[in-house]
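Undergrad: So that you have it, the file is upload-v7.cif, and it contains mmCIF, C-alpha atoms and all ligand atoms:
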data_model
#
loop_
_atom_site.label_atom_id
_atom_site.label_comp_id
_atom_site.auth_asym_id
_atom_site.auth_seq_id
_atom_site.Cartn_x
_atom_site.Cartn_y
_atom_site.Cartn_z
CA MET A 1043 -30.86 -0.90 45.95
CA SER A 1044 -27.55 0.68 44.87
CA LEU A 1045 -26.71 1.16 41.20
CA ALA A 1046 -23.19 1.36 39.74
CA ILE A 1047 -22.55 4.47 37.66
CA PRO A 1048 -19.85 4.42 34.93
CA GLU A 1049 -16.83 6.69 35.40
CA VAL A 1050 -14.69 8.99 33.26
CA LYS A 1051 -11.07 10.00 33.83
CA LEU A 1052 -10.08 13.67 33.79
CA HIS A 1053 -6.83 14.81 32.13
CA ASP A 1054 -5.19 15.01 35.59
CA GLY A 1055 -6.11 11.40 36.40
CA LEU A 1056 -9.07 11.91 38.78
CA THR A 1057 -12.01 9.62 38.00
CA LEU A 1058 -15.59 10.86 38.31
CA PRO A 1059 -18.94 9.12 37.87
CA VAL A 1060 -20.86 10.32 34.82
CA ILE A 1061 -23.84 11.32 36.98
CA GLY A 1062 -23.68 13.18 40.27
CA LEU A 1063 -26.14 14.79 42.64
CA GLY A 1064 -26.78 18.54 42.38
CA THR A 1065 -27.46 20.04 45.80
CA TYR A 1066 -28.61 23.59 45.13
CA LYS A 1067 -31.39 24.21 47.72
CA LEU A 1068 -30.73 20.98 49.64
CA LYS A 1069 -30.13 22.25 53.15
CA GLY A 1070 -30.43 21.30 56.80
CA ASN A 1071 -31.54 17.93 58.06
CA GLU A 1072 -33.82 17.35 55.08
CA GLY A 1073 -30.84 17.98 52.81
CA VAL A 1074 -28.64 15.57 54.78
CA ASN A 1075 -31.32 12.86 54.47
CA ALA A 1076 -31.68 13.49 50.72
CA ILE A 1077 -27.92 13.30 50.16
CA ASN A 1078 -27.59 10.16 52.29
CA ASN A 1079 -30.41 8.56 50.35
CA ALA A 1080 -28.64 9.44 47.09
CA ILE A 1081 -25.41 7.84 48.33
CA ASP A 1082 -27.34 4.71 49.36
CA THR A 1083 -28.87 4.64 45.86
CA GLY A 1084 -25.44 4.72 44.19
CA TYR A 1085 -24.46 8.38 43.78
CA ARG A 1086 -20.80 9.04 44.52
CA LEU A 1087 -20.34 12.55 43.10
CA ILE A 1088 -21.90 15.40 45.13
CA ASP A 1089 -21.92 18.97 43.80
CA THR A 1090 -22.02 21.81 46.32
CA ALA A 1091 -20.76 25.42 46.36
CA TYR A 1092 -19.72 27.98 48.95
CA ASN A 1093 -22.62 30.15 47.80
CA TYR A 1094 -25.23 27.38 48.24
CA GLU A 1095 -24.54 27.60 51.99
CA ASN A 1096 -24.81 23.83 52.26
CA GLU A 1097 -21.22 22.61 52.37
CA GLY A 1098 -22.03 21.75 56.03
CA THR A 1099 -25.07 19.74 54.95
CA VAL A 1100 -22.92 17.78 52.51
CA GLY A 1101 -20.25 17.30 55.17
CA LYS A 1102 -22.81 15.93 57.62
CA ALA A 1103 -24.06 13.42 55.04
CA ILE A 1104 -20.46 12.31 54.44
CA GLN A 1105 -19.98 11.78 58.18
CA ARG A 1106 -23.18 9.71 58.37
CA THR A 1107 -22.61 7.40 55.44
CA ALA A 1108 -20.83 4.06 55.67
CA VAL A 1109 -19.35 4.62 52.19
CA PRO A 1110 -15.62 5.37 52.63
CA ARG A 1111 -14.57 8.98 51.96
CA GLU A 1112 -12.16 7.88 49.20
CA GLU A 1113 -15.05 6.41 47.18
CA LEU A 1114 -16.85 9.77 47.16
CA ARG A 1115 -16.15 12.75 44.91
CA ILE A 1116 -17.06 16.08 46.48
CA THR A 1117 -17.09 19.29 44.44
CA SER A 1118 -17.29 22.83 45.77
CA LYS A 1119 -16.92 26.26 44.15
CA LEU A 1120 -15.27 29.59 44.80
CA PRO A 1121 -17.62 32.61 44.73
CA GLY A 1122 -16.93 35.65 42.55
CA ARG A 1123 -16.40 38.00 45.50
CA TYR A 1124 -13.33 36.02 46.61
CA HIS A 1125 -11.25 35.91 43.43
CA SER A 1126 -8.24 37.78 44.82
CA TYR A 1127 -5.43 35.34 45.69
CA ASP A 1128 -5.48 35.75 49.49
CA GLN A 1129 -9.26 35.69 49.72
CA ALA A 1130 -9.43 32.62 47.46
CA ILE A 1131 -6.99 30.71 49.71
CA ARG A 1132 -8.97 31.70 52.81
CA THR A 1133 -12.24 30.69 51.13
CA ILE A 1134 -10.95 27.25 50.18
CA GLN A 1135 -9.92 26.76 53.82
CA GLU A 1136 -13.35 27.98 54.99
CA SER A 1137 -15.07 25.60 52.52
CA LEU A 1138 -13.09 22.72 54.01
CA TYR A 1139 -13.97 23.85 57.53
CA ARG A 1140 -17.68 24.13 56.69
CA GLY A 1141 -17.71 20.68 55.11
CA ASN A 1142 -15.57 19.22 57.92
CA LEU A 1143 -13.32 17.82 55.20
CA ASP A 1144 -9.55 17.41 54.76
CA TYR A 1145 -9.82 17.84 51.00
CA TYR A 1146 -12.26 18.47 48.15
CA ASP A 1147 -11.97 16.17 45.17
CA LEU A 1148 -12.82 19.01 42.82
CA TYR A 1149 -12.87 22.76 43.39
CA LEU A 1150 -14.17 25.09 40.68
CA ILE A 1151 -14.21 28.84 40.08
CA HIS A 1152 -17.98 29.46 40.08
CA TRP A 1153 -18.13 32.27 37.46
CA PRO A 1154 -15.37 34.03 35.48
CA ASN A 1155 -16.74 37.54 36.17
CA PRO A 1156 -14.81 39.00 33.21
CA LYS A 1157 -15.53 42.63 34.09
CA GLN A 1158 -13.92 42.12 37.49
CA ASP A 1159 -11.16 40.29 35.57
CA ILE A 1160 -9.10 38.72 38.36
CA TYR A 1161 -10.03 35.10 37.78
CA VAL A 1162 -6.36 34.32 37.03
CA GLU A 1163 -5.56 35.17 40.67
CA ALA A 1164 -8.29 32.78 41.77
CA TRP A 1165 -6.85 30.13 39.46
CA GLN A 1166 -3.36 30.57 40.94
CA ALA A 1167 -4.89 30.02 44.39
CA LEU A 1168 -6.55 26.78 43.22
CA ILE A 1169 -3.25 25.63 41.68
CA ASP A 1170 -1.45 26.21 45.00
CA ALA A 1171 -4.23 24.63 47.09
CA LYS A 1172 -3.93 21.55 44.88
CA LYS A 1173 -0.14 21.45 45.50
CA TRP A 1174 -0.82 21.61 49.25
CA GLY A 1175 -3.24 18.67 49.05
CA LEU A 1176 -6.41 20.63 49.81
CA ILE A 1177 -7.95 19.84 46.42
CA ARG A 1178 -7.38 16.86 44.11
CA SER A 1179 -8.53 18.40 40.84
CA ILE A 1180 -9.17 22.00 39.77
CA GLY A 1181 -11.64 23.31 37.25
CA VAL A 1182 -14.06 26.08 36.36
CA CYS A 1183 -17.72 26.77 35.70
CA ASN A 1184 -19.23 29.01 33.09
CA PHE A 1185 -15.87 29.80 31.45
CA LEU A 1186 -15.82 30.65 27.76
CA PRO A 1187 -12.91 29.39 25.63
CA GLU A 1188 -11.21 32.83 25.79
CA HIS A 1189 -11.24 32.71 29.61
CA MET A 1190 -9.69 29.23 29.69
CA GLU A 1191 -7.06 30.22 27.13
CA HIS A 1192 -6.17 33.13 29.39
CA LEU A 1193 -5.72 30.79 32.38
CA GLU A 1194 -3.48 28.46 30.42
CA LYS A 1195 -1.41 31.31 28.96
CA GLU A 1196 -0.83 32.90 32.38
CA THR A 1197 -0.23 29.73 34.46
CA GLY A 1198 0.48 26.88 32.03
CA ILE A 1199 -2.37 24.89 33.59
CA LYS A 1200 -5.77 24.26 32.04
CA PRO A 1201 -8.93 23.27 33.92
CA SER A 1202 -9.78 19.57 34.24
CA ILE A 1203 -13.47 20.32 33.85
CA ASN A 1204 -15.87 23.12 32.89
CA GLN A 1205 -19.35 23.00 34.44
CA ILE A 1206 -21.76 24.85 32.14
CA GLU A 1207 -25.48 25.31 31.62
CA LEU A 1208 -26.44 22.46 29.28
CA HIS A 1209 -29.83 20.92 28.51
CA PRO A 1210 -31.87 20.17 25.37
CA PHE A 1211 -32.93 23.82 24.96
CA PHE A 1212 -29.31 25.01 25.19
CA ASN A 1213 -27.00 22.27 23.98
CA GLN A 1214 -23.70 24.19 23.85
CA GLU A 1215 -22.47 22.36 20.76
CA GLN A 1216 -19.59 24.73 19.94
CA GLN A 1217 -18.37 24.89 23.51
CA ARG A 1218 -18.50 21.07 23.82
CA ILE A 1219 -16.45 20.65 20.65
CA TRP A 1220 -13.86 23.10 22.01
CA HIS A 1221 -13.70 21.18 25.32
CA GLU A 1222 -13.16 17.92 23.46
CA GLU A 1223 -10.27 19.38 21.45
CA LYS A 1224 -8.64 20.61 24.68
CA ASN A 1225 -9.41 17.43 26.67
CA ILE A 1226 -11.45 19.42 29.21
CA GLN A 1227 -14.40 17.46 30.60
CA THR A 1228 -17.85 19.00 30.07
CA GLU A 1229 -20.18 18.90 33.08
CA SER A 1230 -23.84 19.94 32.68
CA TRP A 1231 -25.54 22.11 35.27
CA SER A 1232 -29.34 22.28 35.32
CA PRO A 1233 -29.27 19.16 33.10
CA LEU A 1234 -33.09 18.94 33.35
CA ALA A 1235 -33.38 22.70 32.76
CA ARG A 1236 -34.67 22.95 36.34
CA ALA A 1237 -37.73 20.84 35.55
CA SER A 1238 -39.04 23.56 33.25
CA GLU A 1239 -41.14 23.00 30.11
CA VAL A 1240 -38.43 20.69 28.73
CA LEU A 1241 -40.02 17.97 30.88
CA GLN A 1242 -43.23 18.36 28.85
CA ASN A 1243 -41.54 18.38 25.46
CA GLU A 1244 -43.43 16.24 22.92
CA THR A 1245 -40.36 15.18 20.89
CA ILE A 1246 -38.61 13.86 23.98
CA ARG A 1247 -41.84 12.32 25.23
CA SER A 1248 -42.23 10.26 22.06
CA ILE A 1249 -38.62 9.05 22.29
CA ALA A 1250 -39.20 8.19 25.96
CA ASP A 1251 -42.36 6.22 25.13
CA ASP A 1252 -40.46 4.22 22.50
CA HIS A 1253 -37.93 3.15 25.13
CA ASN A 1254 -40.40 2.78 27.99
CA LYS A 1255 -38.44 5.43 29.90
CA THR A 1256 -39.31 8.83 31.37
CA ILE A 1257 -38.50 12.17 29.74
CA SER A 1258 -35.91 12.87 32.46
CA GLN A 1259 -34.22 9.53 31.78
CA VAL A 1260 -34.01 10.26 28.04
CA ILE A 1261 -32.51 13.70 28.75
CA LEU A 1262 -29.94 12.30 31.17
CA ARG A 1263 -29.07 9.51 28.73
CA TRP A 1264 -28.63 12.22 26.06
CA HIS A 1265 -26.10 14.03 28.33
CA TYR A 1266 -24.23 10.76 28.83
CA GLN A 1267 -24.07 10.02 25.11
CA LEU A 1268 -22.85 13.59 24.48
CA GLY A 1269 -19.94 12.73 26.79
CA ALA A 1270 -21.04 15.18 29.51
CA ILE A 1271 -21.20 14.50 33.24
CA SER A 1272 -24.60 15.60 34.54
CA ILE A 1273 -25.57 16.56 38.09
CA PRO A 1274 -29.37 16.47 38.36
CA LYS A 1275 -30.67 17.68 41.71
CA SER A 1276 -33.47 15.77 43.35
CA SER A 1277 -34.69 15.63 46.91
CA SER A 1278 -36.93 12.64 46.16
CA PRO A 1279 -35.65 9.04 46.57
CA GLU A 1280 -37.81 7.89 43.61
CA ARG A 1281 -36.50 10.57 41.26
CA GLN A 1282 -32.91 10.07 42.43
CA LEU A 1283 -33.19 6.40 41.44
CA GLU A 1284 -35.00 7.28 38.19
CA ASN A 1285 -32.19 9.69 37.25
CA ILE A 1286 -29.42 7.10 37.43
CA SER A 1287 -31.42 4.26 35.87
CA ILE A 1288 -30.25 5.12 32.36
CA PHE A 1289 -27.59 2.55 31.60
CA ASP A 1290 -29.89 -0.16 30.23
CA PHE A 1291 -30.91 1.55 26.96
CA SER A 1292 -29.36 3.80 24.32
CA LEU A 1293 -30.48 6.52 21.96
CA SER A 1294 -29.92 6.09 18.24
CA ASP A 1295 -28.12 8.73 16.16
CA THR A 1296 -31.53 9.76 14.79
CA GLU A 1297 -32.92 10.24 18.29
CA MET A 1298 -29.82 12.20 19.37
CA GLY A 1299 -30.33 14.35 16.26
CA ARG A 1300 -34.01 15.00 17.06
CA ILE A 1301 -33.04 16.22 20.54
CA ALA A 1302 -30.23 18.36 19.07
CA GLU A 1303 -32.84 20.20 17.01
CA LEU A 1304 -34.56 21.47 20.17
CA THR A 1305 -31.73 23.87 21.04
CA ARG A 1306 -32.42 27.61 20.81
CA PRO A 1307 -29.98 30.55 20.73
CA ASN A 1308 -31.88 32.11 23.66
CA GLY A 1309 -32.44 28.77 25.42
CA ARG A 1310 -30.63 29.66 28.65
CA ILE A 1311 -32.91 29.40 31.71
CA ASN A 1312 -32.10 32.86 33.09
CA ASP A 1313 -30.17 34.51 30.28
CA GLN A 1314 -26.88 34.17 32.20
CA ASP A 1315 -24.31 34.67 29.44
CA PRO A 1316 -20.83 34.36 31.06
CA ALA A 1317 -19.47 36.99 28.66
CA THR A 1318 -21.44 39.65 30.54
CA TYR A 1319 -23.24 38.10 33.53
CA GLU A 1320 -21.38 38.25 36.84
CA GLU A 1321 -22.14 36.50 40.10
CA PHE A 1322 -20.56 37.26 43.44
N1 LIG B 1 -22.05 26.13 38.28
C1 LIG B 1 -23.17 26.81 38.22
O1 LIG B 1 -23.16 28.01 37.92
C2 LIG B 1 -24.46 26.12 38.54
C3 LIG B 1 -25.67 26.76 38.27
C4 LIG B 1 -26.84 26.07 38.56
C5 LIG B 1 -26.81 24.78 39.08
N2 LIG B 1 -25.60 24.20 39.38
C6 LIG B 1 -25.54 22.82 39.94
O2 LIG B 1 -26.27 21.96 39.08
C7 LIG B 1 -27.23 21.22 39.85
C8 LIG B 1 -28.43 20.85 39.01
O3 LIG B 1 -29.06 21.98 38.50
P1 LIG B 1 -30.46 22.54 39.07
O4 LIG B 1 -30.66 22.11 40.47
O5 LIG B 1 -30.46 23.99 38.77
O6 LIG B 1 -31.55 21.91 38.09
P2 LIG B 1 -31.91 20.45 37.53
O7 LIG B 1 -31.07 19.42 38.18
O8 LIG B 1 -31.94 20.54 36.05
O9 LIG B 1 -33.43 20.30 38.00
C9 LIG B 1 -33.75 20.19 39.36
C10 LIG B 1 -35.28 20.18 39.45
O10 LIG B 1 -35.77 19.04 38.73
C11 LIG B 1 -36.61 18.26 39.58
N3 LIG B 1 -36.36 16.87 39.19
C12 LIG B 1 -35.23 16.14 39.37
N4 LIG B 1 -35.35 14.93 38.83
C13 LIG B 1 -36.58 14.87 38.28
C14 LIG B 1 -37.30 13.86 37.59
N5 LIG B 1 -36.75 12.66 37.35
N6 LIG B 1 -38.57 14.16 37.18
C15 LIG B 1 -39.14 15.36 37.43
N7 LIG B 1 -38.51 16.36 38.08
C16 LIG B 1 -37.24 16.12 38.50
C17 LIG B 1 -36.17 18.59 40.99
O11 LIG B 1 -37.24 18.44 41.89
P3 LIG B 1 -37.16 17.43 43.16
O12 LIG B 1 -35.99 17.85 44.00
O13 LIG B 1 -38.47 17.66 43.85
O14 LIG B 1 -37.02 16.05 42.58
C18 LIG B 1 -35.80 20.06 40.85
O15 LIG B 1 -36.94 20.88 40.93
C19 LIG B 1 -27.55 22.20 41.00
O16 LIG B 1 -28.25 21.58 42.05
C20 LIG B 1 -26.16 22.66 41.33
O17 LIG B 1 -25.48 21.68 42.10
C21 LIG B 1 -24.44 24.84 39.09
#
Written as structure tokens, how would this file's structure read?
Ligand SMILES: NC(=O)c1ccc[n+]([C@@H]2O[C@H](COP(=O)([O-])OP(=O)(O)OC[C@H]3O[C@@H](n4cnc5c(N)ncnc54)[C@H](OP(=O)(O)O)[C@@H]3O)[C@@H](O)[C@H]2O)c1

TA:
Amino acid sequence: MSLAIPEVKLHDGLTLPVIGLGTYKLKGNEGVNAINNAIDTGYRLIDTAYNYENEGTVGKAIQRTAVPREELRITSKLPGRYHSYDQAIRTIQESLYRGNLDYYDLYLIHWPNPKQDIYVEAWQALIDAKKWGLIRSIGVCNFLPEHMEHLEKETGIKPSINQIELHPFFNQEQQRIWHEEKNIQTESWSPLARASEVLQNETIRSIADDHNKTISQVILRWHYQLGAISIPKSSSPERQLENISIFDFSLSDTEMGRIAELTRPNGRINDQDPATYEEF
């Protein structure tokens, strides 16, 4: 069974499905099988990163599937240790080599690393790689508004998308409003908060019971109604199907409001505040 997932259009014209598959920790043959199963189920957006060391796994799944390459949307990400212009260009080429791909649909700077402070060089490399046809759309992850303003001021080009930690315990309301004003698409990483206690939350459970849905489905529907793309990771065929079976019900404003109340100032999973946290 293959489900159709609605799409959104980024400011540069690329279309993306509103749910994709996260692949952190999906590796090797098991990972290939999980990704192929997801594609068979209806997933078309696959999220990898240089640092996940599984661009090859994703590439193998792409080779194996009968779904044409142009129907897929493959994202990868530039690690913090390769922000200098020359290293960024080499890393994009290495990412393509590892994935056995001619192009990535989306390539993101993984973290801004503001103390290192050379993310503008990385951005210039992404801009050039896009001009050369190696990437169709360029964006960022974990960038605060000040970082994105800096990119636009220095290069005249703003990201198409910002992938940020977003789940019911950390709902990023201010950042989402800012994205909307700038026409930058919000994408939620760890949309299920890595299957932490959020999946036992009583408020969400009662909403789920009212709709005859699971807690995960209510959370993923909530992301969709917020206007965010979500990329839940699952290695299980049943949960992959569960996670995209969310387009046959909707949450009321009251239900959206009840979930909004669950957010906490310290709700991040690992306290990774992009203003100070750096990842290489
Ligand atoms: N840009 C960044 O800095 C950044 C940071 C973190 C993550 N990411 C990306 O975001 C993706 C998603 O985030 P994540 O992997 O951290 O966490 P997540 O998607 O919120 O949660 C994944 C966990 O939830 C479980 N799960 C999935 N669906 C479920 C369901 N319906 N019911 C119960 N459990 C379920 C999975 O187990 P099973 O596999 O056993 O189903 C897995 O343990 C990553 O894979 C990665 O691609 C990006």

Undergrad: Set up a box along x, y and z of the file covering all listed atoms of segment 1080-1089 of chain A, add 5 Å on every one of the six sides, and write the centre and edge lengths in Å to one decimal, as JSON.

TA:
{"center_x": -24.6, "center_y": 11.8, "center_z": 46.2, "size_x": 18.5, "size_y": 24.3, "size_z": 16.3}

Undergrad: Counting only C-alpha atoms and all ligand atoms, what residues are within 6 Å of ligand LIG 1 (chain B), given as a ChimeraX atom specification?

TA: /A:1064-1066,1089-1090,1152,1183,1205,1231-1237,1258,1273-1278,1281,1284-1285

Undergrad: Smallest atom-to-atom distance to Val1074 of chain A: which of A:Glu1215, A:Asp1290, A:Glu1097, A:Glu1136, using only C-alpha atoms?

TA: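 Looking at the shortest contact to Val1074 of chain A, the residue is A:Glu1097.
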
Undergrad: Which residues, written as a PyMOL selection string, have at least one atom at most 10 Å from Lys1102 of chain A, with all atoms listed in the file counted and residues fewer than 5 positions away on the same chain left out?

TA: chain A and resi 1070-1071+1073-1075+1077-1078+1096-1097+1107+1140-1143

Undergrad: Residues at most 10 Å from Ser1287 of chain A, counting only C-alpha atoms, excluding those fewer than 2 positions away in the same chain, as a ChimeraX atom specification?

TA: /A:1045-1047,1255,1259,1262-1263,1281-1285,1289-1291

Undergrad: Go through segment 1120-1199 of chain A and flag each residue having an atom no more than 10 Å from segment 1052-1061 of chain A; for those, report the closest pair of atoms plus their distance in Å to one decimal, using all atoms listed in the file, ordered by chain and rising number, as a Markdown table.

TA:
| residue | atom | partner | partner_atom | distance |
| --- | --- | --- | --- | --- |
| A:Asp1147 | CA | A:Leu1056 | CA | 8.2 |
| A:Leu1148 | CA | A:Leu1056 | CA | 9.0 |
| A:Arg1178 | CA | A:Leu1056 | CA | 7.5 |
| A:Ser1179 | CA | A:Leu1056 | CA | 6.8 |
| A:Ile1180 | CA | A:Asp1054 | CA | 9.1 |

Undergrad: Which of these residues is nearest to Phe1212 of chain A, using all atoms listed in the file: A:Glu1049, A:Ile1288, A:Glu1163, A:Thr1305?

TA: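 So, comparing all the options, the nearest one is A:Thr1305.
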
Undergrad: How many Å lie between atom CA of Ile1257 of chain A and atom CA of Leu1241 of chain A, rounded to one decimal?

TA: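 Spanning atom CA of Ile1257 of chain A to atom CA of Leu1241 of chain A is a straight-line distance of 6.1 Å.
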
Undergrad: Is there a way to complete segment 1217-1231 of chain A with N, CA, C and O atoms and then write that out as a compact mmCIF listing (two decimals), in the coordinates of the input?

TA:
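Saved the output as rebuild_10.txt:
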# COMPACT_ATOMS: atom_id res chain seq x y z
N GLN A 1217 -19.19 24.93 22.29
CA GLN A 1217 -18.37 24.89 23.51
C GLN A 1217 -17.94 23.44 23.80
O GLN A 1217 -16.80 23.18 24.18
N ARG A 1218 -18.85 22.48 23.57
CA ARG A 1218 -18.50 21.07 23.82
C ARG A 1218 -17.40 20.61 22.87
O ARG A 1218 -16.48 19.88 23.28
N ILE A 1219 -17.49 21.05 21.62
CA ILE A 1219 -16.45 20.65 20.65
C ILE A 1219 -15.09 21.21 21.10
O ILE A 1219 -14.07 20.52 21.07
N TRP A 1220 -15.11 22.46 21.54
CA TRP A 1220 -13.86 23.10 22.01
C TRP A 1220 -13.30 22.33 23.21
O TRP A 1220 -12.10 22.05 23.28
N HIS A 1221 -14.15 21.96 24.16
CA HIS A 1221 -13.70 21.18 25.32
C HIS A 1221 -13.03 19.88 24.88
O HIS A 1221 -11.99 19.49 25.41
N GLU A 1222 -13.68 19.21 23.92
CA GLU A 1222 -13.16 17.92 23.46
C GLU A 1222 -11.77 18.08 22.87
O GLU A 1222 -10.86 17.30 23.15
N GLU A 1223 -11.59 19.13 22.07
CA GLU A 1223 -10.27 19.38 21.45
C GLU A 1223 -9.20 19.62 22.51
O GLU A 1223 -8.05 19.26 22.34
N LYS A 1224 -9.61 20.26 23.63
CA LYS A 1224 -8.64 20.61 24.68
C LYS A 1224 -8.56 19.55 25.78
O LYS A 1224 -7.85 19.73 26.77
N ASN A 1225 -9.35 18.47 25.63
CA ASN A 1225 -9.41 17.43 26.67
C ASN A 1225 -9.84 18.00 28.03
O ASN A 1225 -9.28 17.70 29.08
N ILE A 1226 -10.83 18.87 27.99
CA ILE A 1226 -11.45 19.42 29.21
C ILE A 1226 -12.83 18.78 29.31
O ILE A 1226 -13.61 18.82 28.34
N GLN A 1227 -13.13 18.17 30.44
CA GLN A 1227 -14.40 17.46 30.60
C GLN A 1227 -15.56 18.45 30.69
O GLN A 1227 -15.50 19.42 31.45
N THR A 1228 -16.63 18.20 29.94
CA THR A 1228 -17.85 19.00 30.07
C THR A 1228 -18.71 18.42 31.19
O THR A 1228 -18.92 17.21 31.25
N GLU A 1229 -19.22 19.31 32.05
CA GLU A 1229 -20.18 18.90 33.08
C GLU A 1229 -21.41 19.80 32.94
O GLU A 1229 -21.28 21.01 32.82
N SER A 1230 -22.61 19.19 32.96
CA SER A 1230 -23.84 19.94 32.68
C SER A 1230 -24.53 20.37 33.97
O SER A 1230 -24.93 19.51 34.77
N TRP A 1231 -24.68 21.69 34.16
CA TRP A 1231 -25.54 22.11 35.27
C TRP A 1231 -26.96 22.38 34.77
O TRP A 1231 -27.16 22.61 33.59
